[in-house]
>>> print(open('protein-v3.txt').read())   # compact mmCIF, C-alpha atoms
# COMPACT_ATOMS: atom_id res chain seq x y z
CA MET A 1 72.49 -230.45 114.21
CA ARG A 2 74.22 -227.56 112.54
CA TYR A 3 77.35 -229.68 112.00
CA MET A 4 75.54 -232.50 110.19
CA LYS A 5 75.85 -230.84 106.80
CA TYR A 6 79.64 -231.27 106.92
CA VAL A 7 79.57 -235.03 107.53
CA PRO A 8 79.15 -236.14 103.86
CA HIS A 9 82.13 -234.03 102.87
CA LEU A 10 84.24 -235.47 105.67
CA LEU A 11 83.28 -239.00 104.66
CA TYR A 12 84.28 -238.23 101.08
CA VAL A 13 87.67 -236.92 102.19
CA VAL A 14 88.31 -240.00 104.33
CA ARG A 15 87.33 -242.36 101.52
CA LYS A 16 89.51 -240.52 99.04
CA GLU A 17 92.48 -240.73 101.41
CA LYS A 18 91.94 -244.48 101.68
CA MET A 19 91.87 -244.99 97.91
CA TYR A 20 95.07 -246.42 96.47
CA GLU A 21 96.55 -246.49 99.99
CA LYS A 22 98.51 -249.72 99.43
CA GLU A 23 99.66 -248.69 95.95
CA ILE A 24 100.85 -245.28 97.14
CA ALA A 25 102.72 -246.87 100.05
CA GLU A 26 104.47 -249.19 97.59
CA LEU A 27 105.29 -246.30 95.25
CA GLN A 28 106.68 -244.36 98.20
CA ARG A 29 108.92 -247.31 99.09
CA ILE A 30 110.23 -247.63 95.53
CA ILE A 31 110.95 -243.90 95.29
CA ASP A 32 112.67 -243.88 98.70
CA GLU A 33 114.95 -246.74 97.59
CA SER A 34 115.86 -245.06 94.29
CA SER A 35 118.42 -242.34 93.63
CA ARG A 36 118.34 -241.90 89.83
CA ILE A 37 114.68 -241.62 88.89
CA VAL A 38 113.65 -240.68 85.37
CA PHE A 39 110.06 -239.74 84.59
CA PHE A 40 108.60 -240.57 81.17
CA GLY A 41 105.28 -238.85 80.58
CA GLY A 42 102.57 -238.06 78.08
CA ALA A 43 99.36 -236.09 77.63
CA GLY A 44 97.71 -237.52 80.74
CA VAL A 45 100.12 -235.49 82.87
CA SER A 46 98.64 -232.23 81.57
CA THR A 47 94.95 -233.10 81.38
CA GLU A 48 94.68 -232.24 85.08
CA SER A 49 95.84 -228.75 84.08
CA GLY A 50 92.96 -228.43 81.62
CA ILE A 51 94.90 -229.31 78.47
CA PRO A 52 92.98 -231.82 76.31
CA ASP A 53 94.70 -234.99 75.21
CA PHE A 54 94.31 -236.63 71.82
CA ARG A 55 93.23 -240.23 72.32
CA SER A 56 90.87 -240.46 75.30
CA ALA A 57 87.11 -240.78 74.81
CA ASP A 58 86.68 -236.99 74.92
CA GLY A 59 90.08 -236.21 73.41
CA ILE A 60 90.83 -234.20 70.30
CA TYR A 61 90.90 -237.25 68.01
CA HIS A 62 87.24 -237.95 68.85
CA GLN A 63 86.01 -234.46 68.03
CA LYS A 64 84.69 -233.58 64.58
CA TYR A 65 86.60 -231.22 62.31
CA LYS A 66 86.69 -230.53 58.59
CA TYR A 67 90.05 -232.32 58.52
CA SER A 68 91.15 -235.06 60.90
CA PRO A 69 93.60 -233.94 63.62
CA GLU A 70 96.15 -236.40 62.24
CA GLN A 71 96.00 -234.57 58.91
CA VAL A 72 96.16 -231.10 60.41
CA VAL A 73 99.25 -231.72 62.55
CA SER A 74 101.29 -233.13 59.68
CA HIS A 75 104.18 -231.40 57.94
CA SER A 76 102.60 -231.65 54.50
CA PHE A 77 99.34 -230.10 55.74
CA PHE A 78 101.24 -227.25 57.43
CA ILE A 79 103.04 -226.47 54.17
CA LYS A 80 99.96 -226.77 51.95
CA TYR A 81 97.29 -225.24 54.23
CA PRO A 82 99.05 -223.04 56.80
CA GLU A 83 95.88 -221.04 57.54
CA ALA A 84 93.87 -224.14 58.45
CA PHE A 85 96.81 -225.52 60.42
CA TYR A 86 97.11 -222.40 62.56
CA GLU A 87 93.37 -222.14 63.10
CA PHE A 88 93.42 -225.61 64.69
CA TYR A 89 96.82 -225.23 66.37
CA LYS A 90 96.03 -221.95 68.13
CA GLU A 91 92.64 -223.13 69.38
CA LYS A 92 93.42 -226.71 70.41
CA MET A 93 97.14 -226.90 71.11
CA MET A 94 98.10 -223.49 72.49
CA ILE A 95 96.57 -223.39 75.99
CA LEU A 96 98.74 -220.58 77.33
CA ASP A 97 96.86 -219.97 80.58
CA ALA A 98 97.35 -223.55 81.87
CA LYS A 99 99.14 -223.96 85.19
CA PRO A 100 101.27 -226.85 86.49
CA ASN A 101 99.31 -229.41 88.48
CA ALA A 102 100.31 -231.62 91.41
CA ALA A 103 102.20 -234.04 89.14
CA HIS A 104 104.40 -231.34 87.60
CA LEU A 105 105.09 -229.81 91.02
CA LYS A 106 105.98 -233.11 92.69
CA LEU A 107 108.38 -234.07 89.90
CA ALA A 108 110.12 -230.71 90.23
CA GLU A 109 110.33 -231.28 93.99
CA LEU A 110 111.89 -234.71 93.45
CA GLU A 111 114.49 -233.14 91.17
CA ARG A 112 115.36 -230.45 93.74
CA ALA A 113 115.76 -233.21 96.34
CA GLY A 114 118.31 -234.95 94.12
CA LYS A 115 116.08 -237.99 93.54
CA LEU A 116 114.93 -237.37 89.98
CA THR A 117 117.56 -236.88 87.28
CA ALA A 118 115.38 -236.07 84.24
CA VAL A 119 111.91 -235.67 82.79
CA VAL A 120 111.32 -237.11 79.33
CA THR A 121 108.02 -235.80 77.99
CA GLN A 122 105.90 -236.14 74.88
CA ASN A 123 104.07 -232.92 75.81
CA ILE A 124 104.69 -229.56 74.16
CA ASP A 125 103.10 -227.29 76.79
CA GLY A 126 106.19 -226.38 78.85
CA LEU A 127 104.43 -227.03 82.17
CA HIS A 128 107.30 -229.10 83.58
CA GLN A 129 109.64 -226.12 83.25
CA LEU A 130 106.99 -223.77 84.61
CA ALA A 131 106.75 -226.02 87.68
CA GLY A 132 110.49 -225.76 88.21
CA SER A 133 111.96 -228.83 86.48
CA LYS A 134 115.38 -228.07 84.99
CA ARG A 135 116.38 -231.17 83.03
CA VAL A 136 113.51 -231.75 80.62
CA TYR A 137 113.75 -233.56 77.30
CA GLU A 138 110.82 -232.49 75.12
CA LEU A 139 110.58 -235.24 72.51
CA HIS A 140 107.91 -233.45 70.48
CA GLY A 141 109.17 -229.88 70.90
CA SER A 142 107.44 -226.91 72.52
CA ILE A 143 104.76 -224.37 71.70
CA HIS A 144 106.97 -221.78 73.42
CA ARG A 145 109.64 -221.92 70.69
CA ASN A 146 108.80 -220.61 67.23
CA TYR A 147 111.13 -219.73 64.37
CA CYS A 148 110.94 -217.98 61.03
CA MET A 149 111.36 -220.51 58.25
CA ASN A 150 113.24 -217.90 56.22
CA CYS A 151 115.71 -216.19 58.57
CA GLY A 152 115.44 -218.27 61.77
CA LYS A 153 114.35 -215.39 64.04
CA PHE A 154 112.80 -216.56 67.33
CA TYR A 155 109.24 -215.77 68.40
CA ASP A 156 107.48 -216.68 71.65
CA ALA A 157 104.09 -218.34 72.04
CA GLN A 158 102.23 -215.12 72.75
CA TYR A 159 103.32 -213.68 69.41
CA VAL A 160 102.01 -216.71 67.55
CA LYS A 161 98.77 -216.91 69.53
CA LYS A 162 97.93 -213.23 68.98
CA SER A 163 98.86 -213.15 65.29
CA GLU A 164 95.99 -212.97 62.84
CA GLY A 165 96.00 -215.98 60.56
CA VAL A 166 99.47 -217.27 59.75
CA PRO A 167 102.14 -215.59 61.93
CA LYS A 168 104.76 -213.83 59.86
CA CYS A 169 108.29 -212.72 60.63
CA SER A 170 109.51 -209.14 60.24
CA CYS A 171 111.35 -210.40 57.15
CA GLY A 172 108.10 -211.68 55.67
CA GLY A 173 108.76 -215.36 56.26
CA VAL A 174 106.30 -217.79 57.83
CA VAL A 175 106.84 -218.53 61.53
CA LYS A 176 106.74 -222.26 62.34
CA PRO A 177 106.31 -223.73 65.83
CA ASP A 178 109.19 -225.86 67.08
CA VAL A 179 106.94 -228.88 67.50
CA VAL A 180 107.41 -232.23 65.83
CA LEU A 181 104.63 -232.73 63.31
CA TYR A 182 103.70 -236.01 61.68
CA GLU A 183 106.20 -236.80 58.88
CA GLU A 184 108.98 -235.00 60.80
CA GLY A 185 111.82 -236.61 62.74
CA LEU A 186 112.70 -236.06 66.39
CA ASP A 187 115.58 -233.77 67.33
CA GLU A 188 118.80 -235.83 67.51
CA GLU A 189 120.25 -233.99 70.52
CA THR A 190 117.01 -234.46 72.46
CA ILE A 191 116.95 -238.15 71.54
CA ARG A 192 120.51 -238.63 72.73
CA GLY A 193 119.90 -236.89 76.06
CA ALA A 194 116.66 -238.78 76.73
CA VAL A 195 118.18 -242.16 75.90
CA GLU A 196 121.21 -241.54 78.10
CA ALA A 197 119.01 -240.43 81.01
CA ILE A 198 116.73 -243.47 80.75
CA ALA A 199 119.62 -245.90 80.31
CA SER A 200 121.35 -244.64 83.47
CA ALA A 201 118.22 -244.57 85.67
CA ASP A 202 117.68 -247.00 88.53
CA MET A 203 113.94 -246.27 88.49
CA LEU A 204 111.68 -245.39 85.56
CA LEU A 205 108.35 -243.80 86.42
CA ILE A 206 105.93 -243.78 83.49
CA GLY A 207 102.86 -241.56 83.78
CA GLY A 208 99.99 -240.18 81.75
CA THR A 209 100.76 -242.07 78.57
CA SER A 210 99.23 -245.08 76.83
CA LEU A 211 102.54 -245.72 75.03
CA VAL A 212 101.03 -245.79 71.55
CA VAL A 213 103.03 -242.97 69.94
CA TYR A 214 106.25 -244.06 68.28
CA PRO A 215 109.14 -243.56 68.20
CA ALA A 216 108.68 -241.93 71.63
CA ALA A 217 107.14 -245.03 73.25
CA GLY A 218 110.18 -247.07 72.23
CA PHE A 219 112.45 -244.99 74.45
CA ILE A 220 111.54 -247.00 77.54
CA ASP A 221 113.27 -250.01 75.96
CA TYR A 222 116.58 -248.39 76.91
CA PHE A 223 115.79 -248.71 80.61
CA ARG A 224 118.15 -251.14 82.36
CA GLY A 225 117.23 -250.43 85.98
CA SER A 226 115.34 -252.68 88.35
CA ARG A 227 112.36 -250.53 89.34
CA LEU A 228 109.56 -249.68 86.91
CA ALA A 229 106.25 -248.08 87.92
CA VAL A 230 103.31 -246.94 85.79
CA ILE A 231 100.61 -244.43 86.72
CA ASN A 232 97.95 -244.05 84.03
CA LYS A 233 94.16 -243.91 83.99
CA SER A 234 93.94 -246.52 81.22
CA GLU A 235 95.97 -249.55 80.22
CA THR A 236 99.17 -249.04 78.25
CA ALA A 237 99.30 -250.36 74.70
CA LYS A 238 102.90 -251.49 75.09
CA ASN A 239 103.45 -254.68 77.08
CA ILE A 240 105.86 -253.77 79.87
CA ARG A 241 106.78 -255.56 83.07
CA SER A 242 106.17 -252.96 85.73
CA GLU A 243 106.79 -253.57 89.40
CA LEU A 244 103.78 -251.40 90.18
CA THR A 245 100.81 -250.20 88.11
CA ILE A 246 98.31 -247.65 89.41
CA SER A 247 95.24 -246.89 87.30
CA ALA A 248 94.49 -243.35 88.45
CA PRO A 249 95.13 -239.69 87.60
CA ILE A 250 98.84 -239.09 88.10
CA GLY A 251 98.47 -235.76 89.93
CA GLU A 252 96.18 -237.36 92.49
CA ILE A 253 98.76 -240.08 93.19
CA LEU A 254 101.95 -238.03 93.18
CA SER A 255 100.43 -235.36 95.44
CA ARG A 256 100.46 -237.98 98.21
CA ILE A 257 104.14 -238.85 97.84
CA LYS A 258 106.51 -237.42 100.46
CA VAL A 259 109.95 -236.19 99.40
>>> encode(input="protein-v3.txt", output="structure tokens")
Amino acid sequence: MRYMKYVPHLLYVVRKEKMYEKEIAELQRIIDESSRIVFFGGAGVSTESGIPDFRSADGIYHQKYKYSPEQVVSHSFFIKYPEAFYEFYKEKMMILDAKPNAAHLKLAELERAGKLTAVVTQNIDGLHQLAGSKRVYELHGSIHRNYCMNCGKFYDAQYVKKSEGVPKCSCGGVVKPDVVLYEEGLDEETIRGAVEAIASADMLLIGGTSLVVYPAAGFIDYFRGSRLAVINKSETAKNIRSELTISAPIGEILSRIKV
């Protein structure tokens, strides 16, 4: 009788292992048959690390603030109201204690195995690099790079996070995060690298993104390979012809892939 209390847990584990069994087997086959995989990801990759996304039901866009998040993370708002910008930015966008989850770790493992050639991400948290990925194209920049708008001096994320109010440079200038705000263009070198990586891939794995943010979502149009798979909890806004679609948390799925 003393072992009965463990049965429900064991049943849960068995059922969880059975979930998505066919889809994971198919994903494993596609990955095994590919040699130039590129991963294109969004906020859903990092939610399993405790970083909130913007557009889900409990995401940042559905929370109430004095200003809308779209307003706050715009270039014009940053210039006009830097104090309000940094109040929001430090609290909601700088989660510095987050750790890579199973998705980040598996992608880094695929790269080390010579299967994955690049990660193209819309995220700014740096978790792909922390997990060990080397070739990462950050379309929207990174919270870990910050520069003085006056002299260009570099500052890390900890400096910005710990600064009171608006972070200032030793020269007196305002420090700006190297993230792409609304009304700003993407970095041309990053665009070129991401497009070349996607165009030369034989498999494109899309994960954790609803493909609603442009111009980033348009990058997948450069894919010319034959294998396309999508792992996302919700449907994608962009109509794409994927060979395989799995509606589930990406970390849960990728953790079951063997390299």
>>> atom_distance(input="protein-v3.txt", atom1="CA of Phe77 in chain A", atom2="CA of Ala216 in chain A")
21.9 Å
>>> atom_distance(input="protein-v3.txt", atom1="CA of Asp32 in chain A", atom2="CA of Ala131 in chain A")
21.8 Å
>>> residues_around(input="protein-v3.txt", residues="range 135-150 of chain A", least_positions_apart="4", cutoff="8 Å", atoms="only C-alpha atoms", output="JSON, numbers by chain")
{"A": [94, 117, 118, 119, 120, 121, 122, 123, 124, 125, 126, 128, 129, 154, 155, 156, 157, 160, 168, 169, 171, 173, 174, 175, 176, 177, 178, 179, 180, 181, 186, 187, 190, 191, 193, 194, 216]}
>>> write_last_selection(input="protein-v3.txt", atoms="C-alpha atoms", output="PDB file, in the frame of the given file")
ATOM      1  CA  MET A  94      98.100-223.490  72.490  1.00  0.00           C
ATOM      2  CA  THR A 117     117.560-236.880  87.280  1.00  0.00           C
ATOM      3  CA  ALA A 118     115.380-236.070  84.240  1.00  0.00           C
ATOM      4  CA  VAL A 119     111.910-235.670  82.790  1.00  0.00           C
ATOM      5  CA  VAL A 120     111.320-237.110  79.330  1.00  0.00           C
ATOM      6  CA  THR A 121     108.020-235.800  77.990  1.00  0.00           C
ATOM      7  CA  GLN A 122     105.900-236.140  74.880  1.00  0.00           C
ATOM      8  CA  ASN A 123     104.070-232.920  75.810  1.00  0.00           C
ATOM      9  CA  ILE A 124     104.690-229.560  74.160  1.00  0.00           C
ATOM     10  CA  ASP A 125     103.100-227.290  76.790  1.00  0.00           C
ATOM     11  CA  GLY A 126     106.190-226.380  78.850  1.00  0.00           C
ATOM     12  CA  HIS A 128     107.300-229.100  83.580  1.00  0.00           C
ATOM     13  CA  GLN A 129     109.640-226.120  83.250  1.00  0.00           C
ATOM     14  CA  PHE A 154     112.800-216.560  67.330  1.00  0.00           C
ATOM     15  CA  TYR A 155     109.240-215.770  68.400  1.00  0.00           C
ATOM     16  CA  ASP A 156     107.480-216.680  71.650  1.00  0.00           C
ATOM     17  CA  ALA A 157     104.090-218.340  72.040  1.00  0.00           C
ATOM     18  CA  VAL A 160     102.010-216.710  67.550  1.00  0.00           C
ATOM     19  CA  LYS A 168     104.760-213.830  59.860  1.00  0.00           C
ATOM     20  CA  CYS A 169     108.290-212.720  60.630  1.00  0.00           C
ATOM     21  CA  CYS A 171     111.350-210.400  57.150  1.00  0.00           C
ATOM     22  CA  GLY A 173     108.760-215.360  56.260  1.00  0.00           C
ATOM     23  CA  VAL A 174     106.300-217.790  57.830  1.00  0.00           C
ATOM     24  CA  VAL A 175     106.840-218.530  61.530  1.00  0.00           C
ATOM     25  CA  LYS A 176     106.740-222.260  62.340  1.00  0.00           C
ATOM     26  CA  PRO A 177     106.310-223.730  65.830  1.00  0.00           C
ATOM     27  CA  ASP A 178     109.190-225.860  67.080  1.00  0.00           C
ATOM     28  CA  VAL A 179     106.940-228.880  67.500  1.00  0.00           C
ATOM     29  CA  VAL A 180     107.410-232.230  65.830  1.00  0.00           C
ATOM     30  CA  LEU A 181     104.630-232.730  63.310  1.00  0.00           C
ATOM     31  CA  LEU A 186     112.700-236.060  66.390  1.00  0.00           C
ATOM     32  CA  ASP A 187     115.580-233.770  67.330  1.00  0.00           C
ATOM     33  CA  THR A 190     117.010-234.460  72.460  1.00  0.00           C
ATOM     34  CA  ILE A 191     116.950-238.150  71.540  1.00  0.00           C
ATOM     35  CA  GLY A 193     119.900-236.890  76.060  1.00  0.00           C
ATOM     36  CA  ALA A 194     116.660-238.780  76.730  1.00  0.00           C
ATOM     37  CA  ALA A 216     108.680-241.930  71.630  1.00  0.00           C
TER      38      ALA A 216
END
>>> residues_around(input="protein-v3.txt", residues="Ile206 in chain A", least_positions_apart="5", cutoff="12 Å", atoms="all atoms listed in the file", output="VMD selection string")
chain A and resid 37 to 45 103 107 119 to 122 198 211 217 219 to 220 223 227 to 233 235 to 236 238 240 to 247 250 254
>>> residues_around(input="protein-v3.txt", residues="Lys115 in chain A", least_positions_apart="3", cutoff="9 Å", atoms="only C-alpha atoms", output="list in words")
Ile31, Asp32, Ser34, Ser35, Arg36, Ile37, Val38, Glu109, Leu110, Glu111, Arg112 and Val259 of chain A
>>> closest_residue(input="protein-v3.txt", among="A:Gly165, A:Pro69, A:Gly251, A:Gly185", to="Pro215 in chain A", atoms="all atoms listed in the file")
A:Gly185
>>> atom_distance(input="protein-v3.txt", atom1="CA of Tyr222 in chain A", atom2="CA of Val195 in chain A")
6.5 Å
>>> closest_residue(input="protein-v3.txt", among="A:Ile30, A:Pro100, A:Glu91, A:Gln71", to="Lys162 in chain A", atoms="all atoms listed in the file")
A:Glu91
>>> closest_residue(input="protein-v3.txt", among="A:Ala25, A:Leu204, A:Ala199, A:Val166", to="Phe78 in chain A", atoms="only C-alpha atoms")
A:Val166
>>> closest_residue(input="protein-v3.txt", among="A:Leu130, A:Ala108, A:Cys151, A:Ile24", to="Ala248 in chain A", atoms="all atoms listed in the file")
A:Ile24
